Amino acid sequence: MAPNHPNINQTLLVDLKAVLLEKIRQNGGWVNAHAHLDRAYTLTEDNFRYINAHLKDKWHLIDTMKREMSVDNIYDRMARATEFFVAQGCQAIGTFIDVDEVIEDKAIIASQRLRERFKGSIEIKFVNQVLKGVIEPRARHWFDIAVQFVDIIGGLPAKDAGHEGEHLDVLLSTGKALNKWVHVHIDQFNSADEKETELLARKTIEHGMQGKVAGVHGISLAAHPLVYRREVYHLLKEANVAMIACPLAWIDHTRNERLAPSHNSITPIDELIPAGVTVALGTDNIADIYKPFSDGDMWIELRLLLESCRYYHPEDLVELATTNGLKVLGLK
Ligand SMILES: [Zn+2]
């Protein structure tokens, strides 16, 4: 009897990681569509005690640190992180930078240096973080300064709680006037009480900003019932709003006793992509009080995303990690 040899014509997919990495390389390399490089590597023995604080408290807990930062310090940490992304074969990165009454324009100056230093080796797009909101006059003052420098207008409607619509009006009308993309942190708390993704899609249509807006996170979508989720996916498609998934950023959402459809605390790409929504990939925070163990490893982010959403479509995953990122950064 002939030995039972495997069919030599059949390709064995024994190393899917290698297959994906090669395709990502062929597409020009990774695109990290969402980061906060100006806060990377700020974890210290002193501030480590804040790692379990609530996100909304962390927005203020970093004030002292921001006040004491020098331009050189910000630049050094941003450069260290950027070097790590270049070493991983990243072709582009979109990073938020804090610009507000506490840090003032220090991150802007550091970013100008960063752009010069890495010219030719990686494309860097800057986005303004609005940790003080955009409505209170002093916050608005710094927002107006920031938007002149950045490539993309950044937002955080939860910071202007109760005035989320107004917050989005400021971002979107500014994006429209300056012809810039708008990236907004939305639905971060894994709760059906949040409907910011829906609001962002409606406001995008209202302002005629279709195709120029991306929502970051959208974790709470998965906490809603299917009927509502489908309605929002349809709206996102209609508004041509893209989503940016940062898997490690919110997978740590803490256990609670609220009942919700069974889901992982992660952007539901297994529903968004089939619904026709563009999804890109980001690392979010690196080694700070927000994410002490995050290290910016793009493969770990992609692996966590595909596993937690059980999304096993290599072609889509490669697009998500490369060309979709270029699209939301306005590079394609
Ligand atoms: Zn973020």
# chains A, B, ... in the order shown; residues from 1 in each chain; ligands from 1

call {"tool": "select_by_dssp", "arguments": {"residues": "region 35-179 of chain A", "states": "alpha helix (DSSP H)", "output": "count of residues only"}}
result
70

call {"tool": "residues_around", "arguments": {"residues": "region 105-117 of chain A", "least_positions_apart": "4", "cutoff": "8 Å", "atoms": "only C-alpha atoms", "output": "PyMOL selection string"}}
result
chain A and resi 38+70-72+74-75+78-79+97-100+124+126+146+149

call {"tool": "residues_around", "arguments": {"residues": "region 41-48 of chain A", "least_positions_apart": "2", "cutoff": "12 Å", "atoms": "only C-alpha atoms", "output": "ChimeraX atom specification"}}
result
/A:36-39,50-53,58,61-66,68-69,73-82,285-296

call {"tool": "write_last_selection", "arguments": {"atoms": "C-alpha atoms", "output": "compact mmCIF listing (two decimals), in the first residue's frame"}}
result
# COMPACT_ATOMS: atom_id res chain seq x y z
CA HIS A 36 -0.82 59.65 21.57
CA LEU A 37 2.95 59.79 21.09
CA ASP A 38 3.38 62.90 23.24
CA ARG A 39 2.37 60.84 26.28
CA TYR A 50 -3.04 56.21 39.04
CA ILE A 51 -3.29 53.30 36.61
CA ASN A 52 -6.64 52.12 38.02
CA ALA A 53 -8.24 55.57 38.14
CA LYS A 58 -6.98 60.48 34.19
CA LEU A 61 -4.37 63.47 36.64
CA ILE A 62 -1.81 64.07 33.90
CA ASP A 63 -2.03 67.87 34.27
CA THR A 64 0.92 68.24 36.64
CA MET A 65 3.07 66.09 34.38
CA LYS A 66 2.01 68.06 31.30
CA GLU A 68 6.29 70.17 33.94
CA MET A 69 7.14 68.69 30.53
CA ASN A 73 11.30 65.85 26.87
CA ILE A 74 8.21 65.60 24.67
CA TYR A 75 10.32 65.43 21.52
CA ASP A 76 12.61 62.71 22.92
CA ARG A 77 9.71 60.44 23.87
CA MET A 78 7.87 61.01 20.58
CA ALA A 79 11.08 60.26 18.66
CA ARG A 80 11.67 57.08 20.64
CA ALA A 81 8.14 55.86 19.84
CA THR A 82 8.44 56.86 16.18
CA ASN A 285 -1.52 54.98 24.35
CA ILE A 286 1.90 53.49 25.06
CA ALA A 287 3.45 52.99 28.50
CA ASP A 288 1.55 55.73 30.32
CA ILE A 289 -1.02 55.79 33.14
CA TYR A 290 -3.75 54.98 30.60
CA LYS A 291 -2.10 51.82 29.26
CA PRO A 292 0.92 50.86 31.39
CA PHE A 293 1.65 47.60 29.56
CA SER A 294 0.92 48.70 25.99
CA ASP A 295 4.07 48.82 23.91
CA GLY A 296 2.87 49.81 20.43

call {"tool": "closest_atom_pairs", "arguments": {"of": "chain A", "to": "ligand 1", "cutoff": "10 Å", "atoms": "only C-alpha atoms and all ligand atoms", "output": "CSV"}}
result
residue,atom,partner,partner_atom_place_in_ligand_line,distance
A:His34,CA,ligand 1,1 (Zn),6.5
A:Ala35,CA,ligand 1,1 (Zn),6.1
A:His36,CA,ligand 1,1 (Zn),6.4
A:Thr95,CA,ligand 1,1 (Zn),8.6
A:Phe96,CA,ligand 1,1 (Zn),7.2
A:Ile97,CA,ligand 1,1 (Zn),9.8
A:Gln129,CA,ligand 1,1 (Zn),8.2
A:Gly154,CA,ligand 1,1 (Zn),9.6
A:Gly155,CA,ligand 1,1 (Zn),9.5
A:Leu156,CA,ligand 1,1 (Zn),8.9
A:His183,CA,ligand 1,1 (Zn),9.6
A:Val184,CA,ligand 1,1 (Zn),8.7
A:His185,CA,ligand 1,1 (Zn),6.4
A:Ile186,CA,ligand 1,1 (Zn),9.6
A:Gln188,CA,ligand 1,1 (Zn),9.7
A:Val216,CA,ligand 1,1 (Zn),7.1
A:His217,CA,ligand 1,1 (Zn),8.2
A:Ile244,CA,ligand 1,1 (Zn),9.9
A:Cys246,CA,ligand 1,1 (Zn),8.4
A:Ala249,CA,ligand 1,1 (Zn),8.3
A:Gly282,CA,ligand 1,1 (Zn),8.8
A:Thr283,CA,ligand 1,1 (Zn),8.6
A:Asp284,CA,ligand 1,1 (Zn),5.1
A:Asn285,CA,ligand 1,1 (Zn),6.8
A:Tyr290,CA,ligand 1,1 (Zn),9.8

call {"tool": "closest_residue", "arguments": {"among": "A:Leu331, A:Ala18, A:Leu259, A:Ile93", "to": "Leu281 (chain A)", "atoms": "only C-alpha atoms"}}
result
A:Ile93

call {"tool": "residues_around", "arguments": {"residues": "Lys332 (chain A)", "least_positions_apart": "6", "cutoff": "12 Å", "atoms": "only C-alpha atoms", "output": "short mmCIF file (atom, residue, chain, number, x, y, z; two decimals) with N, CA and C atoms, in the first residue's frame"}}
result
data_model
loop_
_atom_site.label_atom_id
_atom_site.label_comp_id
_atom_site.auth_asym_id
_atom_site.auth_seq_id
_atom_site.Cartn_x
_atom_site.Cartn_y
_atom_site.Cartn_z
N VAL A 31 0.07 50.85 9.01
CA VAL A 31 -0.32 52.24 9.26
C VAL A 31 -0.96 52.27 10.66
N ALA A 92 3.16 54.89 7.96
CA ALA A 92 2.52 56.15 8.37
C ALA A 92 1.94 56.01 9.78
N GLY A 211 -17.04 61.23 4.18
CA GLY A 211 -15.74 60.83 3.61
C GLY A 211 -14.55 61.54 4.22
N LYS A 212 -14.77 62.36 5.27
CA LYS A 212 -13.67 63.09 5.90
C LYS A 212 -13.67 62.92 7.43
N THR A 322 -3.32 48.61 6.66
CA THR A 322 -2.49 49.39 5.73
C THR A 322 -3.30 50.49 5.03
N THR A 323 -3.95 50.12 3.92
CA THR A 323 -4.60 51.13 3.06
C THR A 323 -5.73 51.89 3.76
N ASN A 324 -6.48 51.20 4.63
CA ASN A 324 -7.56 51.92 5.33
C ASN A 324 -6.98 53.00 6.24
N GLY A 325 -5.82 52.71 6.82
CA GLY A 325 -5.14 53.71 7.65
C GLY A 325 -4.72 54.92 6.82
N LEU A 326 -4.19 54.65 5.62
CA LEU A 326 -3.79 55.75 4.74
C LEU A 326 -5.01 56.61 4.41
#

call {"tool": "residues_around", "arguments": {"residues": "Ala223 (chain A)", "least_positions_apart": "6", "cutoff": "12 Å", "atoms": "only C-alpha atoms", "output": "list in words"}}
result
Asp187, Gln188, Phe189, Asn190, Ser191, Ala192, Asp193, Glu194, Lys195, Arg229, Arg258, Leu259, Ala260, Pro261, Ser262, His263, Asn264, Ser265, Ile266, Thr267 and Pro268 of chain A

call {"tool": "write_last_selection", "arguments": {"atoms": "C-alpha atoms", "output": "PDB file, in the first residue's frame"}}
result
ATOM      1  CA  ASP A 187     -18.410  55.508  22.632  1.00  0.00           C
ATOM      2  CA  GLN A 188     -15.520  54.532  24.876  1.00  0.00           C
ATOM      3  CA  PHE A 189     -17.299  53.244  27.964  1.00  0.00           C
ATOM      4  CA  ASN A 190     -18.838  49.982  26.735  1.00  0.00           C
ATOM      5  CA  SER A 191     -22.323  51.054  27.754  1.00  0.00           C
ATOM      6  CA  ALA A 192     -25.670  51.150  25.955  1.00  0.00           C
ATOM      7  CA  ASP A 193     -26.143  54.596  27.555  1.00  0.00           C
ATOM      8  CA  GLU A 194     -23.731  55.958  24.958  1.00  0.00           C
ATOM      9  CA  LYS A 195     -24.882  56.819  21.444  1.00  0.00           C
ATOM     10  CA  ARG A 229     -26.366  48.296  15.866  1.00  0.00           C
ATOM     11  CA  ARG A 258     -25.173  45.407  33.703  1.00  0.00           C
ATOM     12  CA  LEU A 259     -26.889  43.073  31.271  1.00  0.00           C
ATOM     13  CA  ALA A 260     -26.023  43.501  27.601  1.00  0.00           C
ATOM     14  CA  PRO A 261     -25.776  41.342  24.482  1.00  0.00           C
ATOM     15  CA  SER A 262     -22.789  39.031  24.909  1.00  0.00           C
ATOM     16  CA  HIS A 263     -19.778  40.799  23.390  1.00  0.00           C
ATOM     17  CA  ASN A 264     -16.119  41.684  23.758  1.00  0.00           C
ATOM     18  CA  SER A 265     -15.155  45.207  24.780  1.00  0.00           C
ATOM     19  CA  ILE A 266     -13.780  45.983  21.338  1.00  0.00           C
ATOM     20  CA  THR A 267     -14.752  47.769  18.115  1.00  0.00           C
ATOM     21  CA  PRO A 268     -17.122  45.227  16.440  1.00  0.00           C
TER      22      PRO A 268
END

call {"tool": "closest_residue", "arguments": {"among": "A:Lys159, A:His234, A:Arg138, A:Arg202", "to": "Lys56 (chain A)", "atoms": "only C-alpha atoms"}}
result
A:Lys159
